[in-house]
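Let me begin by presenting the structure, written as structure tokens, before commenting on it.
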Amino acid sequence: MLHKHLRLRQRDDFKRLRLSGETRTQALMTLSMLPNALTHNRYGFIVSKQLGSAAVRNRVKRQLREAMRMLHPSLREGYDIVIIARRALVGQSFAVIVRTVQELTRQSGLMREEA
RNA sequence: CAGGGAGGUCAGGUGAUCGCGGAUGGACAGGUUCCAUCUGAGGAAAGUCCGCUCUCCACAGAGCGCGGUGCUGGCUAACCGCCAGGCGGGGUAACCCGACGGAAAGUGCAGCAGAGAAGGAGAUUGCGGCGUGGACGCGAGUCCAUGCGCGCGAGGGUGAAACGGUGGUGUAAGAGACCACCAGCGCGAGCGGUGACGUUCGCGGCUUGGCAAACCCCACUGGGAGCAAGGCGAACAGGCGCAUUGGGGCUGCUCGUCCCGCAAAAAGCGCCGGGUAGGCUGCAUGAGGGGCGGAGCAAUUCGCCUCCUAGAGAGAUGAUCACCCCUUUCACCUGCGGGUGAAAGCGACAGAAAGCGGCUUAUCGAUCCCCCUGGACG
RNA sequence: GCGGGAGUAAUUCAGUGGUAGAAUGUUUCCUUGCCAAGGAAAAUGUCGCGCGUUCGAAUCGCGUCUCCCGCU
């Protein structure tokens, strides 16, 4: 789980990303990013009702949050990042989710230069 | 042992590492901080189908409309809930199911088929009567055809439904036309029961159908909106209209309408425009759980003792590993009961959002107790 | 959290107790040298699903599923 200040919470922030964010899509999820004026990153997750019941949606969100928590130290700072879950994500194992998030962040240029 | 019925409980476990919400305590660099301890989803948290607490709006009353409930008695804060009982239906039984008031208050509805489909109907075939014609016969008469403002409603046939059943009397043929018994209906009385109802007797006309999840009638019953309620504080920009003093108008009396009346009347009402989706609160000790005892068939209730157990706000329970348990698949062994090993498995349904009581729906399974039927053995 | 509405042929919709219909589309035939238009004919339905009321249900009642709209 992420600390509170690392989460993206305001409705307007989500709107801004949807409007002018840089977006990259795969079969399992969509990643959207935009530089912010802060010295750290903020993360948000969108899991729509199309994916299933409340229990299913919560589980997907937790898995995504856990994946971002693991990747957080190796990402560049100063970005708002939103991940939108797609229907195929339901039922995937945690290892697959982590790999997909890694690929998307690398393609978006968010990964730091390999130390 | 096999099959079935009713009810209850549980909802994978243990350990390790990395993380999250809340409370309490502490630290100093004083906040989007760090540390420690404790604590952190359900039997349905779900659907939002009923009911209530709570909050705001409002509240003089009556009528009509519009809903809700519907065997009886009890329980409950209340309910379309629960318990017990009655009646009806299903099952060999344990047991289960039932919107179960009223059809002689009224208005409606019943396609097709069928002769006829609901204030009393209907006659195709049929059973008869009378008339006419023909055939046979010595004759009495029999048979055939046909006609009738003729009698009949038993048999066949249609239909979901055709206005009691069986036997007899009766008749030209028949028929509740009449009689006996049975079924059913209504009325009255007795007995049992708080009551629904049961039971016995008498009388009646001989039968008076179905649908009220059609309108309706009867009995009881219903203010409206909802925690996105509401309160505090923050932000913002105000303008227009109505009425102007006893007469009328407007507004309110919040499911609609009408009557009557009342209230308020510039601290009023209505309309337009503008601002905020951020903070704090409401926000968790309650019709609460457990135990013992009393009342009651039970639901439930009374007394005493004891326990405190989530509180988010893009919304806290996840990830990884080990062992055990479970399920599935594969391989091997087997004394055919099973055993051993390996692999796989978001490990059923599903995630609190003001709270509570119910109902309904989803659910891999595990387990306890009681009951019924059948078989075997003693 | 709350309120309202819908589900019928491939599509858009009628049908409010009695044999499920219309338009467009589809298929076949006619017309034409060919196509379009036109004409004729045909096929097409678990009335979202389940249970009930009724002699009979798309229609009435209850439950359930899916979709849409509104309140802030």
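Residue numbering restarts at 1 in every chain; chains get A, B, ... in the order shown in the structure tokens, and ligands count up from 1 in that same order.
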
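Within 10 Å of chain A, and using only C-alpha atoms (C1' of nucleotides), the residues found on chain B are C18, G19, C20, U32, A46, A277, G278, A314, A316, U317, G318, A319, C346, A350 and G351 of chain B.
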
Same residues, N, CA and C atoms (P, O5', C5', C4', C3', O3' and C1' of nucleotides), output as an mmCIF file, in the first residue's frame:
data_model
loop_
_atom_site.group_PDB
_atom_site.id
_atom_site.type_symbol
_atom_site.label_atom_id
_atom_site.label_comp_id
_atom_site.auth_asym_id
_atom_site.auth_seq_id
_atom_site.Cartn_x
_atom_site.Cartn_y
_atom_site.Cartn_z
ATOM 1 P P C B 18 10.361 -6.811 7.817
ATOM 2 O "O5'" C B 18 9.672 -6.312 6.468
ATOM 3 C "C5'" C B 18 10.462 -6.061 5.313
ATOM 4 C "C4'" C B 18 9.596 -5.755 4.119
ATOM 5 C "C3'" C B 18 8.581 -4.645 4.306
ATOM 6 O "O3'" C B 18 9.162 -3.354 4.208
ATOM 7 C "C1'" C B 18 7.546 -6.464 3.224
ATOM 8 P P G B 19 8.458 -2.090 4.906
ATOM 9 O "O5'" G B 19 7.112 -1.965 4.058
ATOM 10 C "C5'" G B 19 5.998 -1.287 4.590
ATOM 11 C "C4'" G B 19 4.827 -1.376 3.641
ATOM 12 C "C3'" G B 19 3.526 -0.834 4.182
ATOM 13 O "O3'" G B 19 3.442 0.571 4.010
ATOM 14 C "C1'" G B 19 3.169 -2.984 3.329
ATOM 15 P P C B 20 2.894 1.505 5.195
ATOM 16 O "O5'" C B 20 1.318 1.366 5.027
ATOM 17 C "C5'" C B 20 0.697 1.665 3.788
ATOM 18 C "C4'" C B 20 -0.774 1.350 3.820
ATOM 19 C "C3'" C B 20 -1.529 1.917 5.015
ATOM 20 O "O3'" C B 20 -1.859 3.271 4.853
ATOM 21 C "C1'" C B 20 -2.137 -0.344 4.684
ATOM 22 P P U B 32 2.216 18.778 6.014
ATOM 23 O "O5'" U B 32 1.528 17.425 5.568
ATOM 24 C "C5'" U B 32 0.985 16.513 6.519
ATOM 25 C "C4'" U B 32 1.023 15.096 5.980
ATOM 26 C "C3'" U B 32 2.400 14.486 5.890
ATOM 27 O "O3'" U B 32 2.323 13.071 6.078
ATOM 28 C "C1'" U B 32 1.515 14.766 3.717
ATOM 29 P P A B 46 -24.686 -4.593 2.074
ATOM 30 O "O5'" A B 46 -23.913 -5.674 1.161
ATOM 31 C "C5'" A B 46 -23.269 -5.315 -0.051
ATOM 32 C "C4'" A B 46 -23.998 -5.934 -1.222
ATOM 33 C "C3'" A B 46 -25.492 -5.593 -1.264
ATOM 34 O "O3'" A B 46 -25.777 -4.297 -1.707
ATOM 35 C "C1'" A B 46 -25.229 -7.928 -1.426
ATOM 36 P P A B 277 -14.788 23.837 -4.568
ATOM 37 O "O5'" A B 277 -15.537 22.505 -4.112
ATOM 38 C "C5'" A B 277 -15.177 21.298 -4.680
ATOM 39 C "C4'" A B 277 -15.853 20.173 -3.971
ATOM 40 C "C3'" A B 277 -15.834 18.864 -4.755
ATOM 41 O "O3'" A B 277 -15.734 17.757 -3.884
ATOM 42 C "C1'" A B 277 -18.074 19.600 -4.441
ATOM 43 P P G B 278 -14.372 16.941 -3.842
ATOM 44 O "O5'" G B 278 -13.412 17.839 -2.950
ATOM 45 C "C5'" G B 278 -13.690 18.021 -1.586
ATOM 46 C "C4'" G B 278 -12.621 18.891 -0.970
ATOM 47 C "C3'" G B 278 -12.649 18.905 0.552
ATOM 48 O "O3'" G B 278 -11.949 17.801 1.102
ATOM 49 C "C1'" G B 278 -12.646 21.119 -0.226
ATOM 50 P P A B 314 -11.441 10.301 -1.462
ATOM 51 O "O5'" A B 314 -10.644 8.973 -1.831
ATOM 52 C "C5'" A B 314 -11.329 7.767 -2.075
ATOM 53 C "C4'" A B 314 -10.665 6.977 -3.176
ATOM 54 C "C3'" A B 314 -9.180 7.243 -3.342
ATOM 55 O "O3'" A B 314 -8.524 6.010 -3.642
ATOM 56 C "C1'" A B 314 -10.296 7.625 -5.380
ATOM 57 P P A B 316 -10.001 0.442 0.231
ATOM 58 O "O5'" A B 316 -8.550 0.631 0.805
ATOM 59 C "C5'" A B 316 -7.832 -0.462 1.303
ATOM 60 C "C4'" A B 316 -7.178 -0.110 2.619
ATOM 61 C "C3'" A B 316 -7.069 -1.284 3.589
ATOM 62 O "O3'" A B 316 -5.870 -1.992 3.365
ATOM 63 C "C1'" A B 316 -8.069 0.555 4.684
ATOM 64 P P U B 317 -5.814 -3.205 2.341
ATOM 65 O "O5'" U B 317 -5.216 -4.350 3.252
ATOM 66 C "C5'" U B 317 -4.741 -5.561 2.674
ATOM 67 C "C4'" U B 317 -5.221 -6.739 3.462
ATOM 68 C "C3'" U B 317 -6.327 -7.550 2.773
ATOM 69 O "O3'" U B 317 -6.142 -8.925 2.995
ATOM 70 C "C1'" U B 317 -7.052 -6.810 4.903
ATOM 71 P P G B 318 -6.476 -10.002 1.812
ATOM 72 O "O5'" G B 318 -5.473 -9.759 0.594
ATOM 73 C "C5'" G B 318 -5.796 -8.856 -0.464
ATOM 74 C "C4'" G B 318 -4.556 -8.160 -0.971
ATOM 75 C "C3'" G B 318 -3.370 -9.077 -1.275
ATOM 76 O "O3'" G B 318 -3.497 -9.701 -2.537
ATOM 77 C "C1'" G B 318 -2.634 -7.199 -0.033
ATOM 78 P P A B 319 -2.857 -11.167 -2.768
ATOM 79 O "O5'" A B 319 -1.296 -10.864 -2.830
ATOM 80 C "C5'" A B 319 -0.743 -10.128 -3.912
ATOM 81 C "C4'" A B 319 0.756 -9.945 -3.709
ATOM 82 C "C3'" A B 319 1.529 -11.228 -3.460
ATOM 83 O "O3'" A B 319 1.818 -11.910 -4.669
ATOM 84 C "C1'" A B 319 2.182 -9.590 -1.888
ATOM 85 P P C B 346 -5.363 -19.457 -9.220
ATOM 86 O "O5'" C B 346 -5.738 -18.173 -8.414
ATOM 87 C "C5'" C B 346 -6.255 -18.254 -7.121
ATOM 88 C "C4'" C B 346 -6.317 -16.867 -6.542
ATOM 89 C "C3'" C B 346 -7.296 -16.743 -5.389
ATOM 90 O "O3'" C B 346 -6.634 -17.033 -4.172
ATOM 91 C "C1'" C B 346 -7.657 -14.987 -6.949
ATOM 92 P P A B 350 -20.491 -14.006 -6.521
ATOM 93 O "O5'" A B 350 -20.766 -12.783 -5.548
ATOM 94 C "C5'" A B 350 -19.716 -11.974 -5.071
ATOM 95 C "C4'" A B 350 -19.845 -11.803 -3.578
ATOM 96 C "C3'" A B 350 -19.231 -10.518 -3.014
ATOM 97 O "O3'" A B 350 -20.160 -9.462 -3.091
ATOM 98 C "C1'" A B 350 -18.538 -12.389 -1.722
ATOM 99 P P G B 351 -19.666 -7.950 -3.471
ATOM 100 O "O5'" G B 351 -19.313 -7.309 -2.075
ATOM 101 C "C5'" G B 351 -18.069 -7.507 -1.479
ATOM 102 C "C4'" G B 351 -17.984 -6.808 -0.149
ATOM 103 C "C3'" G B 351 -17.718 -5.305 -0.255
ATOM 104 O "O3'" G B 351 -18.400 -4.634 0.775
ATOM 105 C "C1'" G B 351 -15.930 -6.382 0.870
#

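Using only C-alpha atoms (C1' of nucleotides), the residues found no farther than 12 Å from B:C324, other than those of its own chain fewer than 5 positions away, are G12, G13, U14 and G15 of chain B.
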
Name the residues of stretch 6-110 of chain A that fall into strand (DSSP E) according to DSSP on the backbone, using the chain letters and numbers of this document, as JSON, numbers by chain. {"A": [22, 23, 24, 25, 29, 30, 31, 32, 33, 34, 35, 42, 43, 44, 45, 46, 79, 80, 81, 82, 83, 84, 85]}

Which residues in chain A does DSSP call helix (DSSP H, G or I)? List them as a PDB file with C-alpha atoms, in the first residue's frame.
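Final output, saved to states-v4.pdb:
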ATOM      1  CA  LYS A   4      -1.514   8.799   1.542  1.00  0.00           C
ATOM      2  CA  HIS A   5       0.544  11.607   0.041  1.00  0.00           C
ATOM      3  CA  LEU A   6       1.594   9.395  -2.861  1.00  0.00           C
ATOM      4  CA  ARG A  11     -11.348  14.644  -9.102  1.00  0.00           C
ATOM      5  CA  ASP A  12      -9.735  17.498 -11.047  1.00  0.00           C
ATOM      6  CA  ASP A  13      -6.389  15.705 -11.146  1.00  0.00           C
ATOM      7  CA  PHE A  14      -7.978  12.707 -12.799  1.00  0.00           C
ATOM      8  CA  LYS A  15      -9.707  14.987 -15.288  1.00  0.00           C
ATOM      9  CA  ARG A  16      -6.416  16.659 -16.189  1.00  0.00           C
ATOM     10  CA  LEU A  17      -4.745  13.347 -16.918  1.00  0.00           C
ATOM     11  CA  ARG A  18      -7.587  12.108 -19.036  1.00  0.00           C
ATOM     12  CA  LEU A  19      -7.512  15.319 -21.046  1.00  0.00           C
ATOM     13  CA  SER A  20      -3.820  16.007 -21.602  1.00  0.00           C
ATOM     14  CA  LYS A  49     -17.910  -1.284 -12.812  1.00  0.00           C
ATOM     15  CA  GLN A  50     -17.505  -3.148 -16.083  1.00  0.00           C
ATOM     16  CA  LEU A  51     -14.846  -5.325 -14.433  1.00  0.00           C
ATOM     17  CA  ALA A  54     -17.138  -4.752  -5.581  1.00  0.00           C
ATOM     18  CA  ALA A  55     -15.006  -7.615  -4.287  1.00  0.00           C
ATOM     19  CA  VAL A  56     -13.414  -8.144  -7.704  1.00  0.00           C
ATOM     20  CA  ARG A  57     -12.743  -4.436  -8.197  1.00  0.00           C
ATOM     21  CA  ASN A  58     -11.161  -4.076  -4.770  1.00  0.00           C
ATOM     22  CA  ARG A  59      -8.868  -7.027  -5.387  1.00  0.00           C
ATOM     23  CA  VAL A  60      -7.709  -5.601  -8.730  1.00  0.00           C
ATOM     24  CA  LYS A  61      -6.995  -2.252  -7.109  1.00  0.00           C
ATOM     25  CA  ARG A  62      -4.978  -3.821  -4.307  1.00  0.00           C
ATOM     26  CA  GLN A  63      -2.887  -5.815  -6.725  1.00  0.00           C
ATOM     27  CA  LEU A  64      -2.174  -2.735  -8.818  1.00  0.00           C
ATOM     28  CA  ARG A  65      -1.260  -0.722  -5.749  1.00  0.00           C
ATOM     29  CA  GLU A  66       1.093  -3.441  -4.556  1.00  0.00           C
ATOM     30  CA  ALA A  67       2.767  -3.555  -7.965  1.00  0.00           C
ATOM     31  CA  MET A  68       3.271   0.227  -7.982  1.00  0.00           C
ATOM     32  CA  ARG A  69       4.627   0.127  -4.427  1.00  0.00           C
ATOM     33  CA  MET A  70       7.319  -2.336  -5.523  1.00  0.00           C
ATOM     34  CA  LEU A  71       8.251  -0.276  -8.586  1.00  0.00           C
ATOM     35  CA  HIS A  72       8.077   3.110  -6.907  1.00  0.00           C
ATOM     36  CA  PRO A  73      11.779   3.364  -5.833  1.00  0.00           C
ATOM     37  CA  SER A  74      13.023   2.758  -9.381  1.00  0.00           C
ATOM     38  CA  ARG A  87     -11.474  -6.303 -18.421  1.00  0.00           C
ATOM     39  CA  ALA A  88      -8.804  -8.907 -19.242  1.00  0.00           C
ATOM     40  CA  LEU A  89      -6.965  -8.002 -16.054  1.00  0.00           C
ATOM     41  CA  PHE A  94       0.198 -11.046  -9.513  1.00  0.00           C
ATOM     42  CA  ALA A  95       3.420 -11.887 -11.410  1.00  0.00           C
ATOM     43  CA  VAL A  96       1.756 -11.055 -14.733  1.00  0.00           C
ATOM     44  CA  ILE A  97       0.444  -7.758 -13.385  1.00  0.00           C
ATOM     45  CA  VAL A  98       3.891  -6.730 -12.123  1.00  0.00           C
ATOM     46  CA  ARG A  99       5.501  -7.575 -15.462  1.00  0.00           C
ATOM     47  CA  THR A 100       2.917  -5.563 -17.399  1.00  0.00           C
ATOM     48  CA  VAL A 101       3.288  -2.500 -15.173  1.00  0.00           C
ATOM     49  CA  GLN A 102       7.067  -2.741 -15.577  1.00  0.00           C
ATOM     50  CA  GLU A 103       6.807  -2.851 -19.359  1.00  0.00           C
ATOM     51  CA  LEU A 104       4.458   0.114 -19.490  1.00  0.00           C
ATOM     52  CA  THR A 105       6.598   2.295 -17.245  1.00  0.00           C
ATOM     53  CA  ARG A 106       9.720   1.434 -19.204  1.00  0.00           C
ATOM     54  CA  GLN A 107       8.039   2.261 -22.525  1.00  0.00           C
TER      55      GLN A 107
END

Would you mind listing what lies within 12 Å of stretch 44-55 of chain C as a PyMOL selection string, with only C-alpha atoms (C1' of nucleotides) counted and same-chain residues fewer than 4 positions away left out? (chain B and resi 98-99+109-111+159-161+210-214) or (chain C and resi 6-10+15+17-18+20-21+25-27+59-67)

Can you pull out the residues contacting B:A60? Cut-off 12 Å, using only C-alpha atoms (C1' of nucleotides), and skip same-chain residues under 2 positions away; I want them as JSON, numbers by chain. {"B": [62, 253, 260, 261, 262, 263]}

Take the selection from the previous step and output its residues with N, CA and C atoms (P, O5', C5', C4', C3', O3' and C1' of nucleotides), as a tab-separated table (two decimals), in the first residue's frame.
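In the end it all went to part.tsv:
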chain	number	residue	atom	x	y	z
B	62	A	P	-60.06	15.16	11.50
B	62	A	O5'	-61.21	15.34	10.42
B	62	A	C5'	-62.58	15.42	10.83
B	62	A	C4'	-63.47	15.83	9.69
B	62	A	C3'	-63.40	14.94	8.45
B	62	A	O3'	-64.14	13.75	8.59
B	62	A	C1'	-63.31	17.19	7.79
B	253	C	P	-47.06	23.28	1.91
B	253	C	O5'	-48.01	22.91	3.12
B	253	C	C5'	-47.46	22.67	4.42
B	253	C	C4'	-48.54	22.60	5.46
B	253	C	C3'	-49.70	21.68	5.15
B	253	C	O3'	-49.37	20.32	5.36
B	253	C	C1'	-50.50	23.71	6.07
B	260	C	P	-65.46	27.38	1.31
B	260	C	O5'	-65.10	27.26	2.85
B	260	C	C5'	-66.11	26.99	3.82
B	260	C	C4'	-65.50	26.52	5.12
B	260	C	C3'	-64.53	27.48	5.78
B	260	C	O3'	-65.17	28.51	6.50
B	260	C	C1'	-63.59	25.31	5.77
B	261	G	P	-64.54	29.96	6.57
B	261	G	O5'	-63.32	29.70	7.55
B	261	G	C5'	-63.55	29.44	8.94
B	261	G	C4'	-62.35	28.80	9.59
B	261	G	C3'	-61.13	29.68	9.76
B	261	G	O3'	-61.23	30.51	10.90
B	261	G	C1'	-60.46	27.58	8.88
B	262	C	P	-60.46	31.89	10.92
B	262	C	O5'	-58.96	31.41	11.18
B	262	C	C5'	-58.61	30.76	12.41
B	262	C	C4'	-57.25	30.11	12.30
B	262	C	C3'	-56.07	31.05	12.10
B	262	C	O3'	-55.65	31.66	13.31
B	262	C	C1'	-55.87	29.20	10.64
B	263	A	P	-54.93	33.08	13.25
B	263	A	O5'	-53.49	32.69	12.72
B	263	A	C5'	-52.62	31.87	13.49
B	263	A	C4'	-51.40	31.49	12.69
B	263	A	C3'	-50.56	32.66	12.20
B	263	A	O3'	-49.66	33.10	13.19
B	263	A	C1'	-50.91	31.12	10.43

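Counting from atom C1' of B:C201, the distance to atom C1' of B:G168 is 28.2 Å.
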
Write out as a PyMOL selection string the residues lying within 9 Å of B:A284, counting only C-alpha atoms (C1' of nucleotides) and excluding same-chain residues fewer than 6 positions away. chain B and resi 311+354-355

Would you mind exporting N, CA and C atoms (P, O5', C5', C4', C3', O3' and C1' of nucleotides) of the selected residues as a short mmCIF file (atom, residue, chain, number, x, y, z; two decimals), in the first residue's frame?
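See out00.cif below for the written result:
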data_model
loop_
_atom_site.label_atom_id
_atom_site.label_comp_id
_atom_site.auth_asym_id
_atom_site.auth_seq_id
_atom_site.Cartn_x
_atom_site.Cartn_y
_atom_site.Cartn_z
P G B 311 -12.24 1.86 14.86
"O5'" G B 311 -12.75 2.63 13.58
"C5'" G B 311 -11.88 2.89 12.48
"C4'" G B 311 -12.67 3.39 11.29
"C3'" G B 311 -13.06 4.86 11.38
"O3'" G B 311 -13.08 5.43 10.08
"C1'" G B 311 -15.01 3.51 11.26
P A B 354 -23.76 5.85 4.67
"O5'" A B 354 -24.04 5.86 6.23
"C5'" A B 354 -23.05 6.30 7.13
"C4'" A B 354 -23.53 6.20 8.55
"C3'" A B 354 -24.17 4.87 8.93
"O3'" A B 354 -23.23 3.86 9.22
"C1'" A B 354 -25.51 6.66 9.70
P G B 355 -23.62 2.33 8.97
"O5'" G B 355 -24.54 1.99 10.20
"C5'" G B 355 -24.02 2.04 11.53
"C4'" G B 355 -25.12 1.90 12.54
"C3'" G B 355 -25.97 0.65 12.42
"O3'" G B 355 -25.34 -0.48 13.00
"C1'" G B 355 -27.38 2.51 12.68
#

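If you look at atom C1' of B:U285 and atom C1' of B:C308, they are 8.0 Å away from each other.
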
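You will find atom CA of A:Val82 at 5.1 Å from atom CA of A:Ser32.
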